[in-house]
>>> print(open('structure36.txt').read())   # compact mmCIF, N, CA and C atoms
# COMPACT_ATOMS: atom_id res chain seq x y z
N MET A 18 -8.59 -8.98 18.47
CA MET A 18 -7.84 -8.28 17.43
C MET A 18 -7.81 -9.18 16.20
N ASN A 19 -8.13 -8.60 15.04
CA ASN A 19 -8.11 -9.42 13.84
C ASN A 19 -6.70 -9.44 13.24
N ASP A 20 -6.55 -10.19 12.17
CA ASP A 20 -5.24 -10.40 11.55
C ASP A 20 -4.66 -9.10 10.99
N LYS A 21 -5.52 -8.26 10.37
CA LYS A 21 -5.04 -7.00 9.81
C LYS A 21 -4.52 -6.08 10.90
N GLU A 22 -5.24 -6.00 12.02
CA GLU A 22 -4.80 -5.16 13.14
C GLU A 22 -3.47 -5.66 13.70
N SER A 23 -3.34 -6.96 13.78
CA SER A 23 -2.11 -7.56 14.29
C SER A 23 -0.93 -7.24 13.37
N LYS A 24 -1.15 -7.34 12.06
CA LYS A 24 -0.08 -7.01 11.11
C LYS A 24 0.29 -5.53 11.20
N LEU A 25 -0.72 -4.68 11.32
CA LEU A 25 -0.47 -3.26 11.44
C LEU A 25 0.32 -2.95 12.71
N ASP A 26 -0.07 -3.56 13.82
CA ASP A 26 0.66 -3.36 15.07
C ASP A 26 2.11 -3.80 14.92
N HIS A 27 2.34 -4.91 14.24
CA HIS A 27 3.69 -5.41 14.03
C HIS A 27 4.50 -4.43 13.17
N LEU A 28 3.89 -3.92 12.09
CA LEU A 28 4.57 -2.97 11.22
C LEU A 28 4.90 -1.67 11.97
N LEU A 29 3.96 -1.20 12.77
CA LEU A 29 4.20 0.01 13.55
C LEU A 29 5.30 -0.19 14.58
N ALA A 30 5.33 -1.35 15.20
CA ALA A 30 6.38 -1.65 16.16
C ALA A 30 7.74 -1.71 15.47
N ASP A 31 7.79 -2.29 14.26
CA ASP A 31 9.04 -2.32 13.50
C ASP A 31 9.49 -0.91 13.13
N LEU A 32 8.55 -0.07 12.74
CA LEU A 32 8.88 1.31 12.38
C LEU A 32 9.42 2.07 13.60
N ALA A 33 8.77 1.90 14.74
CA ALA A 33 9.23 2.56 15.97
C ALA A 33 10.62 2.09 16.35
N ALA A 34 10.87 0.79 16.21
CA ALA A 34 12.20 0.24 16.53
C ALA A 34 13.25 0.81 15.58
N SER A 35 12.87 0.96 14.32
CA SER A 35 13.80 1.52 13.34
C SER A 35 14.17 2.96 13.70
N TYR A 36 13.18 3.76 14.09
CA TYR A 36 13.46 5.13 14.50
C TYR A 36 14.32 5.15 15.77
N ALA A 37 14.07 4.24 16.68
CA ALA A 37 14.83 4.19 17.93
C ALA A 37 16.30 3.87 17.66
N ARG A 38 16.58 3.09 16.63
CA ARG A 38 17.96 2.73 16.29
C ARG A 38 18.69 3.82 15.52
N THR A 39 17.95 4.76 14.95
CA THR A 39 18.53 5.80 14.13
C THR A 39 18.95 6.98 14.99
N ALA A 40 20.18 7.41 14.83
CA ALA A 40 20.65 8.56 15.59
C ALA A 40 20.02 9.83 15.03
N PRO A 41 19.59 10.72 15.91
CA PRO A 41 19.01 11.98 15.43
C PRO A 41 20.09 12.85 14.80
N PRO A 42 19.70 13.74 13.89
CA PRO A 42 20.69 14.65 13.30
C PRO A 42 21.33 15.52 14.39
N ARG A 43 22.56 15.91 14.18
CA ARG A 43 23.27 16.70 15.19
C ARG A 43 22.55 17.99 15.53
N ASP A 44 22.04 18.68 14.53
CA ASP A 44 21.38 19.96 14.78
C ASP A 44 19.86 19.85 14.69
N GLY A 45 19.35 18.65 14.87
CA GLY A 45 17.91 18.42 14.74
C GLY A 45 17.08 19.22 15.72
N LEU A 46 17.53 19.30 16.97
CA LEU A 46 16.77 20.04 17.98
C LEU A 46 16.74 21.52 17.65
N GLU A 47 17.87 22.07 17.21
CA GLU A 47 17.92 23.49 16.85
C GLU A 47 17.02 23.78 15.66
N LYS A 48 17.01 22.88 14.66
CA LYS A 48 16.13 23.07 13.50
C LYS A 48 14.67 23.04 13.93
N LEU A 49 14.34 22.12 14.82
CA LEU A 49 12.97 22.02 15.32
C LEU A 49 12.57 23.30 16.06
N LYS A 50 13.48 23.81 16.90
CA LYS A 50 13.18 25.04 17.63
C LYS A 50 12.96 26.21 16.67
N ARG A 51 13.82 26.32 15.63
CA ARG A 51 13.65 27.40 14.66
C ARG A 51 12.33 27.26 13.91
N ARG A 52 11.99 26.03 13.55
CA ARG A 52 10.73 25.82 12.83
C ARG A 52 9.53 26.18 13.70
N MET A 53 9.58 25.79 14.96
CA MET A 53 8.48 26.10 15.86
C MET A 53 8.37 27.61 16.07
N GLN A 54 9.52 28.30 16.15
CA GLN A 54 9.50 29.75 16.30
C GLN A 54 8.88 30.39 15.06
N ALA A 55 9.24 29.88 13.89
CA ALA A 55 8.69 30.43 12.65
C ALA A 55 7.18 30.21 12.60
N GLU A 56 6.72 29.06 13.08
CA GLU A 56 5.28 28.77 13.09
C GLU A 56 4.54 29.72 14.02
N THR A 57 5.15 30.09 15.13
CA THR A 57 4.46 30.96 16.08
C THR A 57 4.45 32.40 15.60
N ASN A 58 5.27 32.71 14.60
CA ASN A 58 5.31 34.07 14.06
C ASN A 58 4.35 34.27 12.89
N THR A 59 3.51 33.30 12.62
CA THR A 59 2.56 33.43 11.53
C THR A 59 1.38 34.30 11.96
N LEU A 60 0.67 34.81 10.99
CA LEU A 60 -0.47 35.67 11.29
C LEU A 60 -1.66 34.86 11.78
N SER A 61 -2.39 35.43 12.71
CA SER A 61 -3.60 34.79 13.21
C SER A 61 -4.74 35.02 12.23
N ASP A 62 -5.84 34.32 12.41
CA ASP A 62 -7.01 34.50 11.56
C ASP A 62 -7.53 35.94 11.66
N ALA A 63 -7.50 36.51 12.85
CA ALA A 63 -7.97 37.89 13.03
C ALA A 63 -7.08 38.85 12.25
N ASP A 64 -5.76 38.62 12.28
CA ASP A 64 -4.85 39.47 11.51
C ASP A 64 -5.13 39.37 10.02
N LEU A 65 -5.36 38.15 9.54
CA LEU A 65 -5.64 37.96 8.12
C LEU A 65 -6.95 38.62 7.71
N GLU A 66 -7.97 38.53 8.56
CA GLU A 66 -9.25 39.18 8.27
C GLU A 66 -9.08 40.69 8.22
N TRP A 67 -8.29 41.24 9.15
CA TRP A 67 -8.04 42.68 9.15
C TRP A 67 -7.33 43.11 7.87
N LEU A 68 -6.33 42.34 7.47
CA LEU A 68 -5.60 42.67 6.24
C LEU A 68 -6.51 42.60 5.02
N ALA A 69 -7.39 41.61 4.98
CA ALA A 69 -8.32 41.48 3.86
C ALA A 69 -9.27 42.67 3.81
N ALA A 70 -9.78 43.06 4.97
CA ALA A 70 -10.69 44.20 5.02
C ALA A 70 -9.96 45.48 4.64
N ALA A 71 -8.72 45.64 5.10
CA ALA A 71 -7.95 46.83 4.75
C ALA A 71 -7.67 46.88 3.26
N GLY A 72 -7.35 45.74 2.69
CA GLY A 72 -7.10 45.68 1.25
C GLY A 72 -8.33 46.02 0.45
N LYS A 73 -9.48 45.52 0.89
CA LYS A 73 -10.74 45.81 0.19
C LYS A 73 -11.06 47.30 0.30
N ALA A 74 -10.87 47.88 1.48
CA ALA A 74 -11.14 49.31 1.67
C ALA A 74 -10.21 50.14 0.79
N LEU A 75 -8.98 49.72 0.67
CA LEU A 75 -8.02 50.44 -0.17
C LEU A 75 -8.43 50.38 -1.63
N ASN A 76 -8.89 49.22 -2.08
CA ASN A 76 -9.36 49.08 -3.46
C ASN A 76 -10.58 49.95 -3.72
N VAL A 77 -11.50 50.00 -2.77
CA VAL A 77 -12.69 50.84 -2.92
C VAL A 77 -12.28 52.30 -3.02
N GLU A 78 -11.33 52.71 -2.18
CA GLU A 78 -10.86 54.09 -2.20
C GLU A 78 -10.20 54.42 -3.54
N ARG A 79 -9.41 53.50 -4.05
CA ARG A 79 -8.74 53.72 -5.35
C ARG A 79 -9.73 53.79 -6.50
N ASN A 80 -10.85 53.11 -6.37
CA ASN A 80 -11.84 53.05 -7.45
C ASN A 80 -12.92 54.12 -7.28
N GLY A 81 -12.63 55.15 -6.53
CA GLY A 81 -13.57 56.26 -6.37
C GLY A 81 -14.80 55.91 -5.60
N GLY A 82 -14.69 55.00 -4.64
CA GLY A 82 -15.81 54.63 -3.78
C GLY A 82 -16.65 53.50 -4.34
N LYS A 83 -16.23 52.90 -5.45
CA LYS A 83 -16.98 51.80 -6.04
C LYS A 83 -16.31 50.47 -5.70
N ASP A 84 -17.10 49.54 -5.20
CA ASP A 84 -16.59 48.20 -4.85
C ASP A 84 -16.58 47.34 -6.10
N LYS A 85 -15.42 46.79 -6.43
CA LYS A 85 -15.32 45.93 -7.60
C LYS A 85 -15.09 44.51 -7.21
>>> encode(input="structure36.txt", output="structure tokens")
Amino acid sequence: MNDKESKLDHLLADLAASYARTAPPRDGLEKLKRRMQAETNTLSDADLEWLAAAGKALNVERNGGKDK
């Protein structure tokens, strides 16, 4: 291990120790659960592709069958 790696390991260990000494927020777990739930409610790539195709078809229909 070179000197830079050793310094980095030391800094990372200090950072981990700092986090270990810090008390988590009281409602931190609930916030994390809500955020994870919100992330799982996002649209998939297939949903986004379907919406894009539907939007394009709607525009073509509005423009009298001409794609713009």
>>> atom_distance(input="structure36.txt", atom1="atom C of A:Ala70", atom2="atom CA of A:Asn58")
21.3 Å
>>> atom_distance(input="structure36.txt", atom1="atom C of A:Ala40", atom2="atom CA of A:Met53")
20.0 Å
>>> select_by_dssp(input="structure36.txt", residues="chain A", states="alpha helix (DSSP H)", output="VMD selection string")
chain A and resid 20 to 38 45 to 57 62 to 79
>>> atom_distance(input="structure36.txt", atom1="atom CA of A:Leu49", atom2="atom CA of A:Tyr36")
16.9 Å
>>> decode(input="structure36.txt", residues="stretch 20-82 of chain A", atoms="C-alpha atoms", output="short mmCIF file (atom, residue, chain, number, x, y, z; two decimals), in the first residue's frame")
data_model
loop_
_atom_site.label_atom_id
_atom_site.label_comp_id
_atom_site.auth_asym_id
_atom_site.auth_seq_id
_atom_site.Cartn_x
_atom_site.Cartn_y
_atom_site.Cartn_z
CA ASP A 20 1.30 6.54 1.15
CA LYS A 21 -1.73 8.01 -0.67
CA GLU A 22 -3.75 4.83 -0.13
CA SER A 23 -2.78 4.81 3.52
CA LYS A 24 -3.87 8.43 3.97
CA LEU A 25 -7.14 7.73 2.18
CA ASP A 26 -7.80 4.70 4.38
CA HIS A 27 -7.11 6.83 7.46
CA LEU A 28 -9.47 9.59 6.27
CA LEU A 29 -12.20 7.08 5.48
CA ALA A 30 -11.80 5.45 8.88
CA ASP A 31 -12.08 8.89 10.53
CA LEU A 32 -15.22 9.63 8.52
CA ALA A 33 -16.79 6.29 9.47
CA ALA A 34 -15.96 6.91 13.14
CA SER A 35 -17.53 10.34 12.92
CA TYR A 36 -20.75 8.89 11.52
CA ALA A 37 -20.74 6.19 14.19
CA ARG A 38 -20.58 8.87 16.92
CA THR A 39 -23.43 10.88 15.41
CA ALA A 40 -26.93 10.02 16.54
CA PRO A 41 -29.33 9.39 13.68
CA PRO A 42 -32.29 11.76 13.29
CA ARG A 43 -35.36 10.70 15.25
CA ASP A 44 -37.51 10.22 12.15
CA GLY A 45 -34.67 9.22 9.84
CA LEU A 46 -35.92 5.69 9.27
CA GLU A 47 -39.43 6.88 8.44
CA LYS A 48 -38.04 9.47 5.99
CA LEU A 49 -35.93 6.78 4.34
CA LYS A 50 -38.94 4.47 4.03
CA ARG A 51 -41.04 7.26 2.47
CA ARG A 52 -38.25 8.12 0.04
CA MET A 53 -37.81 4.50 -0.98
CA GLN A 54 -41.58 4.17 -1.49
CA ALA A 55 -41.57 7.29 -3.66
CA GLU A 56 -38.69 5.87 -5.72
CA THR A 57 -40.58 2.62 -6.34
CA ASN A 58 -43.59 4.59 -7.57
CA THR A 59 -41.67 6.10 -10.47
CA LEU A 60 -42.43 5.17 -14.05
CA SER A 61 -40.48 2.38 -15.71
CA ASP A 62 -38.68 2.82 -19.02
CA ALA A 63 -41.47 0.89 -20.76
CA ASP A 64 -44.07 3.24 -19.27
CA LEU A 65 -42.11 6.27 -20.43
CA GLU A 66 -41.73 4.85 -23.95
CA TRP A 67 -45.48 4.17 -24.09
CA LEU A 68 -46.25 7.73 -22.98
CA ALA A 69 -43.86 9.15 -25.57
CA ALA A 70 -45.44 7.08 -28.33
CA ALA A 71 -48.93 8.06 -27.19
CA GLY A 72 -47.97 11.72 -27.14
CA LYS A 73 -46.49 11.50 -30.63
CA ALA A 74 -49.61 9.73 -31.94
CA LEU A 75 -51.79 12.41 -30.37
CA ASN A 76 -49.74 15.16 -32.02
CA VAL A 77 -50.00 13.43 -35.41
CA GLU A 78 -53.76 13.12 -34.96
CA ARG A 79 -54.05 16.82 -34.05
CA ASN A 80 -52.00 17.81 -37.10
CA GLY A 81 -54.28 16.00 -39.54
CA GLY A 82 -52.07 12.93 -39.91
#
